[in-house]
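Here is the structure we will look at, set down as structure tokens.
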Amino acid sequence: MVQAVEKKAPSLLKLCIQTAIDNIRYMEDVGETDIHLLKEILPHCTADQLMHIERSSQGRDLTSVTDSLWKKFYQQHFGEESLNLVLKRMKQKQVVFKWRQLYEAKLKERDEAQQRSVERLRKLYAEEGVKKESRKIQICSKVPPSNKRSFWGGSGPGGSCSGKGNLMKKARTEFLKSHEVKAHQAMRRTAFQTKPLPSSSVSRPIKPSGSQPAGLSRQPVRR
């Protein structure tokens, strides 16, 4: 026959400790709470919760309980290498700092480094934006007119392309005034003037026919 195992009821102290752990996010000033109770309660805090409790508990130094906790948080957040470097420097200089102070200093240093990185990225992004704007193609505000004369710089609306039209007009004028064009036009005029007329266009004398049409009699010419 299996005997029932009797469970011992938790003491009132254990119940109080567990209640404090369950509601640790609401804890602030610990007042005169015994150190041995705090050693069971505070290890359940996060870094932010522990910071809030220490700052709220004015007039009481909790370093004897929290220093080892801050050392653990330092190692978790900044790595084993950084922890060993701090230990080495404190040993060389023969000084001892509270791990809460070291944690806050390292956290501030990291935040400042991140802020510098953000500012540097923001500056690079702004410079890249300026470069992209300078490389953008300027689009005409109006479509070139269908009239060829107007498009090449004649009268007619040209919108914001008028500058380009003026340049094309100038280039066309210089081309028409060039020596080669004038020589070609002179050669065409000379060739047109000296070209012989076609044989079909030369008038021929009309020869009188030998016979006259029927019904017509020759009449003598009166003098």
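Letters for chains follow the order of the structure tokens (A, B, ...), residue numbers begin at 1 for each chain, and ligand numbers begin at 1 in the order shown.
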
* Asked: Which residues come within 9 Å of range 55-59 of chain A, counting only C-alpha atoms, excluding same-chain residues fewer than 2 positions away, as an MDAnalysis selection string?
  -> chainID A and resid 28:31 50:53 61:62

* Identify all residues of range 66-147 of chain A in helix (DSSP H, G or I) (DSSP on the backbone) and supply them as number ranges by chain. => A: 66-78, 80-93, 99-134

Take the residues from that selection and write them out as a compact mmCIF listing (two decimals), in the first residue's frame, keeping C-alpha atoms.
```txt
# COMPACT_ATOMS: atom_id res chain seq x y z
CA THR A 66 24.36 44.16 -6.24
CA ASP A 67 28.07 44.42 -7.14
CA SER A 68 28.32 40.78 -8.20
CA LEU A 69 25.05 41.17 -10.13
CA TRP A 70 26.41 44.17 -12.03
CA LYS A 71 29.57 42.24 -12.87
CA LYS A 72 27.38 39.52 -14.40
CA PHE A 73 25.38 42.09 -16.38
CA TYR A 74 28.64 43.65 -17.64
CA GLN A 75 29.84 40.31 -18.90
CA GLN A 76 26.49 39.51 -20.56
CA HIS A 77 26.16 42.84 -22.35
CA PHE A 78 29.76 43.65 -23.29
CA GLU A 80 34.09 38.24 -21.76
CA GLU A 81 36.97 40.04 -23.46
CA SER A 82 35.86 43.46 -22.24
CA LEU A 83 35.37 42.07 -18.72
CA ASN A 84 38.89 40.64 -18.62
CA LEU A 85 40.33 43.91 -19.91
CA VAL A 86 38.67 45.85 -17.07
CA LEU A 87 39.94 43.38 -14.49
CA LYS A 88 43.45 43.64 -15.93
CA ARG A 89 43.47 47.45 -15.82
CA MET A 90 42.15 47.60 -12.27
CA LYS A 91 44.86 45.17 -11.20
CA GLN A 92 47.60 47.15 -12.95
CA LYS A 93 46.47 50.45 -11.44
CA TRP A 99 30.68 47.29 -11.28
CA ARG A 100 27.57 49.42 -11.50
CA GLN A 101 29.74 52.45 -12.28
CA LEU A 102 31.74 50.46 -14.84
CA TYR A 103 28.51 49.22 -16.42
CA GLU A 104 27.07 52.75 -16.71
CA ALA A 105 30.33 54.14 -18.15
CA LYS A 106 30.58 51.35 -20.72
CA LEU A 107 26.93 51.73 -21.65
CA LYS A 108 27.41 55.48 -22.20
CA GLU A 109 30.52 54.83 -24.30
CA ARG A 110 28.65 52.35 -26.48
CA ASP A 111 25.68 54.69 -26.94
CA GLU A 112 27.97 57.54 -27.98
CA ALA A 113 29.75 55.29 -30.49
CA GLN A 114 26.42 54.22 -31.95
CA GLN A 115 25.31 57.85 -32.18
CA ARG A 116 28.51 58.78 -34.04
CA SER A 117 27.92 55.92 -36.45
CA VAL A 118 24.36 57.06 -37.05
CA GLU A 119 25.50 60.63 -37.71
CA ARG A 120 28.20 59.41 -40.09
CA LEU A 121 25.70 57.28 -42.01
CA ARG A 122 23.24 60.18 -42.14
CA LYS A 123 25.95 62.45 -43.55
CA LEU A 124 26.98 59.90 -46.18
CA TYR A 125 23.33 59.40 -47.15
CA ALA A 126 22.84 63.16 -47.54
CA GLU A 127 25.97 63.48 -49.70
CA GLU A 128 24.83 60.59 -51.87
CA GLY A 129 21.43 62.26 -52.26
CA VAL A 130 23.10 65.46 -53.49
CA LYS A 131 25.14 63.48 -56.02
CA LYS A 132 22.02 61.73 -57.32
CA GLU A 133 20.21 65.06 -57.70
CA SER A 134 23.12 66.49 -59.68
```

* By how many Å are CA of Glu32 in chain A and CA of Leu13 in chain A apart? -> 15.9 Å

* To do: Excluding range 35-41 of chain A and residues on its chain fewer than 2 positions from it, collect all residues at most 9 Å away from it, counting only C-alpha atoms, and give them as an NGL selection string.
  => :A and (17-18 or 20-21 or 24 or 30 or 32-33 or 43-45 or 62 or 64-66)
